[in-house]
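Student: Compact mmCIF, C-alpha atoms, file my_file_17.txt:
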```
# COMPACT_ATOMS: atom_id res chain seq x y z
CA MET R 1 110.79 93.02 116.72
CA ARG R 2 112.42 94.65 113.78
CA ILE R 3 113.40 98.27 113.91
CA ILE R 4 114.65 100.64 111.25
CA ILE R 5 117.11 103.34 112.27
CA THR R 6 117.79 106.15 109.82
CA VAL R 7 120.82 108.35 110.49
CA THR R 8 121.02 111.57 108.48
CA LEU R 9 123.03 114.78 108.68
CA LYS R 10 121.42 117.81 110.29
CA ASP R 11 120.15 120.31 107.74
CA ASN R 12 122.89 122.82 108.53
CA VAL R 13 125.69 120.28 108.03
CA GLU R 14 127.19 120.08 104.57
CA ASP R 15 126.61 116.73 102.89
CA ALA R 16 129.68 116.14 100.72
CA GLU R 17 128.45 112.78 99.47
CA GLY R 18 125.09 114.29 98.52
CA GLN R 19 126.87 117.04 96.61
CA SER R 20 128.94 114.44 94.75
CA VAL R 21 125.83 112.52 93.78
CA LEU R 22 124.16 115.75 92.65
CA LYS R 23 127.15 116.62 90.46
CA ALA R 24 127.24 113.11 88.99
CA LEU R 25 123.51 113.19 88.18
CA ARG R 26 123.95 116.58 86.48
CA MET R 27 126.87 115.20 84.46
CA LEU R 28 124.57 112.39 83.36
CA GLY R 29 122.18 115.03 82.06
CA TYR R 30 119.64 115.06 84.89
CA ASN R 31 119.48 118.83 85.23
CA GLU R 32 116.07 118.65 86.89
CA VAL R 33 117.70 117.44 90.12
CA SER R 34 118.20 120.34 92.53
CA ASN R 35 119.41 118.74 95.75
CA VAL R 36 120.60 115.43 97.17
CA ARG R 37 121.05 114.53 100.84
CA THR R 38 122.28 111.15 102.03
CA GLY R 39 121.99 108.97 105.09
CA LYS R 40 122.55 105.50 106.49
CA ILE R 41 119.83 103.02 107.27
CA TYR R 42 120.05 100.10 109.73
CA TYR R 43 117.59 97.19 109.85
CA ILE R 44 117.89 95.62 113.28
CA GLU R 45 116.30 92.37 114.46
CA MET R 46 116.02 91.97 118.20
CA GLU R 47 114.01 90.40 120.99
CA GLY R 48 111.72 92.54 123.07
CA ASN R 49 109.35 95.34 122.29
CA ASP R 50 111.08 98.47 123.52
CA LEU R 51 111.53 100.96 120.71
CA SER R 52 113.60 103.24 122.95
CA ARG R 53 116.45 100.75 122.58
CA GLY R 54 116.86 102.12 119.06
CA TYR R 55 117.66 105.55 120.44
CA GLU R 56 120.20 103.98 122.80
CA PHE R 57 121.90 102.34 119.80
CA CYS R 58 122.05 105.77 118.15
CA ASP R 59 123.49 107.47 121.20
CA LYS R 60 126.05 104.79 121.95
CA LEU R 61 127.15 103.67 118.51
CA LEU R 62 125.45 104.76 115.32
CA ALA R 63 125.19 108.54 115.38
CA ASN R 64 127.21 111.59 116.29
CA PRO R 65 124.78 113.94 118.08
CA VAL R 66 126.74 117.00 116.93
CA ILE R 67 126.03 116.41 113.26
CA ASN R 68 123.44 113.62 112.99
CA ILE R 69 119.72 113.13 113.42
CA CYS R 70 118.38 109.66 114.25
CA LYS R 71 114.93 108.35 113.39
CA VAL R 72 113.76 105.05 114.92
CA GLU R 73 110.73 103.17 113.56
CA LYS R 74 109.16 99.81 114.11
CA ASN R 75 109.13 97.59 111.04
CA GLU R 76 106.35 94.99 111.49
CA MET W 1 108.93 116.36 93.85
CA ARG W 2 111.00 114.73 96.51
CA ILE W 3 111.95 111.09 96.22
CA ILE W 4 113.62 108.74 98.64
CA ILE W 5 115.88 106.04 97.23
CA THR W 6 116.95 103.22 99.54
CA VAL W 7 119.84 101.03 98.39
CA THR W 8 120.36 97.81 100.32
CA LEU W 9 122.31 94.62 99.81
CA LYS W 10 120.47 91.58 98.46
CA ASP W 11 119.63 89.07 101.18
CA ASN W 12 122.19 86.56 99.97
CA VAL W 13 125.04 89.11 100.00
CA GLU W 14 127.08 89.30 103.19
CA ASP W 15 126.78 92.66 104.93
CA ALA W 16 130.16 93.24 106.58
CA GLU W 17 129.15 96.61 108.01
CA GLY W 18 126.00 95.11 109.49
CA GLN W 19 128.07 92.34 111.08
CA SER W 20 130.42 94.94 112.60
CA VAL W 21 127.49 96.86 114.05
CA LEU W 22 126.04 93.62 115.43
CA LYS W 23 129.36 92.76 117.12
CA ALA W 24 129.66 96.26 118.55
CA LEU W 25 126.11 96.17 119.95
CA ARG W 26 126.83 92.79 121.55
CA MET W 27 130.05 94.16 123.05
CA LEU W 28 127.96 96.98 124.53
CA GLY W 29 125.81 94.33 126.20
CA TYR W 30 122.85 94.29 123.81
CA ASN W 31 122.62 90.53 123.52
CA GLU W 32 118.97 90.71 122.44
CA VAL W 33 120.06 91.93 118.99
CA SER W 34 120.16 89.03 116.53
CA ASN W 35 120.83 90.62 113.15
CA VAL W 36 121.78 93.95 111.56
CA ARG W 37 121.62 94.86 107.87
CA THR W 38 122.64 98.24 106.50
CA GLY W 39 121.84 100.42 103.53
CA LYS W 40 122.19 103.88 102.05
CA ILE W 41 119.38 106.37 101.72
CA TYR W 42 119.19 109.27 99.27
CA TYR W 43 116.75 112.18 99.55
CA ILE W 44 116.47 113.76 96.10
CA GLU W 45 114.71 116.99 95.21
CA MET W 46 113.82 117.38 91.55
CA GLU W 47 111.40 118.94 89.14
CA GLY W 48 108.78 116.81 87.44
CA ASN W 49 106.57 114.02 88.60
CA ASP W 50 108.08 110.89 87.10
CA LEU W 51 109.00 108.42 89.81
CA SER W 52 110.67 106.13 87.28
CA ARG W 53 113.55 108.61 87.17
CA GLY W 54 114.52 107.27 90.57
CA TYR W 55 115.08 103.82 89.07
CA GLU W 56 117.21 105.40 86.34
CA PHE W 57 119.38 107.03 89.01
CA CYS W 58 119.79 103.61 90.62
CA ASP W 59 120.71 101.90 87.38
CA LYS W 60 123.11 104.58 86.23
CA LEU W 61 124.76 105.71 89.43
CA LEU W 62 123.61 104.62 92.86
CA ALA W 63 123.35 100.84 92.84
CA ASN W 64 125.18 97.78 91.61
CA PRO W 65 122.51 95.44 90.25
CA VAL W 66 124.62 92.38 91.05
CA ILE W 67 124.53 92.98 94.81
CA ASN W 68 122.02 95.77 95.49
CA ILE W 69 118.27 96.25 95.67
CA CYS W 70 116.81 99.72 95.08
CA LYS W 71 113.54 101.02 96.47
CA VAL W 72 112.13 104.30 95.15
CA GLU W 73 109.37 106.19 96.99
CA LYS W 74 107.74 109.57 96.70
CA ASN W 75 108.20 111.79 99.75
CA GLU W 76 105.40 114.37 99.76
```
Now that the file is in, can you turn its structure into structure tokens?
Tutor:
Amino acid sequence: MRIIITVTLKDNVEDAEGQSVLKALRMLGYNEVSNVRTGKIYYIEMEGNDLSRGYEFCDKLLANPVINICKVEKNE
Amino acid sequence: MRIIITVTLKDNVEDAEGQSVLKALRMLGYNEVSNVRTGKIYYIEMEGNDLSRGYEFCDKLLANPVINICKVEKNE
């Protein structure tokens, strides 16, 4: 199966990269943009059919539970 | 509106970060994982209703057209 894991910052954690992108878009004249948040996305190919493995990958490697949220989806 | 922009590497571009994650997962014993590709995701809040702005942000700031692919979606 293929799974997609999205790792984002919790809402209450400041997103410095998002703020940089927001500033850059404003400097380019896009004043209609009000907020930018960023995250990482992982496309994982693996044998088996157990989506919970994705959460294990988050816990053990991809995310920091103090600041991150992990979303795991199947990508058929 | 809220848009989601996903920036990934083109298929023919080597993904060093993905390879690192793959190695790390294998070292953790997850031998069923066969491939990992990575990308960045941007959640953008803005006024207006013109999804094509997302592609402008890609062209002007977020992506390198030589190596990246950009996907722009509305997030209602």
Student: Considering all atoms listed in the file, state which residue in the set W:Lys60, W:Arg53, W:Val66, W:Thr8 is at the smallest distance from Ala24 of chain R.
Tutor: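 Counting all atoms listed in the file, the residue closest to Ala24 of chain R is W:Lys60.
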Student: Dump as a list in words the residues of chain R that approach chain W to within 6 Å, counting only C-alpha atoms.
Tutor: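 Output check: Glu32, Val33, Ser34, Asn35, Val36, Arg37, Thr38, Gly39, Lys40, Ile41, Tyr42, Tyr43, Ile44, Glu45, Met46 and Glu47 of chain R.
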Student: Could you work out how far atom CA of Lys71 of chain R lies from atom CA of Tyr55 of chain R, giving the answer in Å with one decimal?
Tutor: 8.1 Å
Student: Using all atoms of segment 46-65 of chain R that appear in the file, construct an axis-aligned enclosing box with 6 Å of padding on every side and provide its centre coordinates and edge lengths in Å, rounded to one decimal, as lines of an AutoDock Vina configuration file.
Tutor:
```
center_x = 118.3
center_y = 102.2
center_z = 119.4
size_x = 29.9
size_y = 35.5
size_z = 20.2
```
Student: Could you state the separation of atom CA of Asn12 of chain W and atom CA of Glu56 of chain R in Å, given to one decimal place?
Tutor: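 Calculated distance between atom CA of Asn12 of chain W and atom CA of Glu56 of chain R is 28.8 Å.
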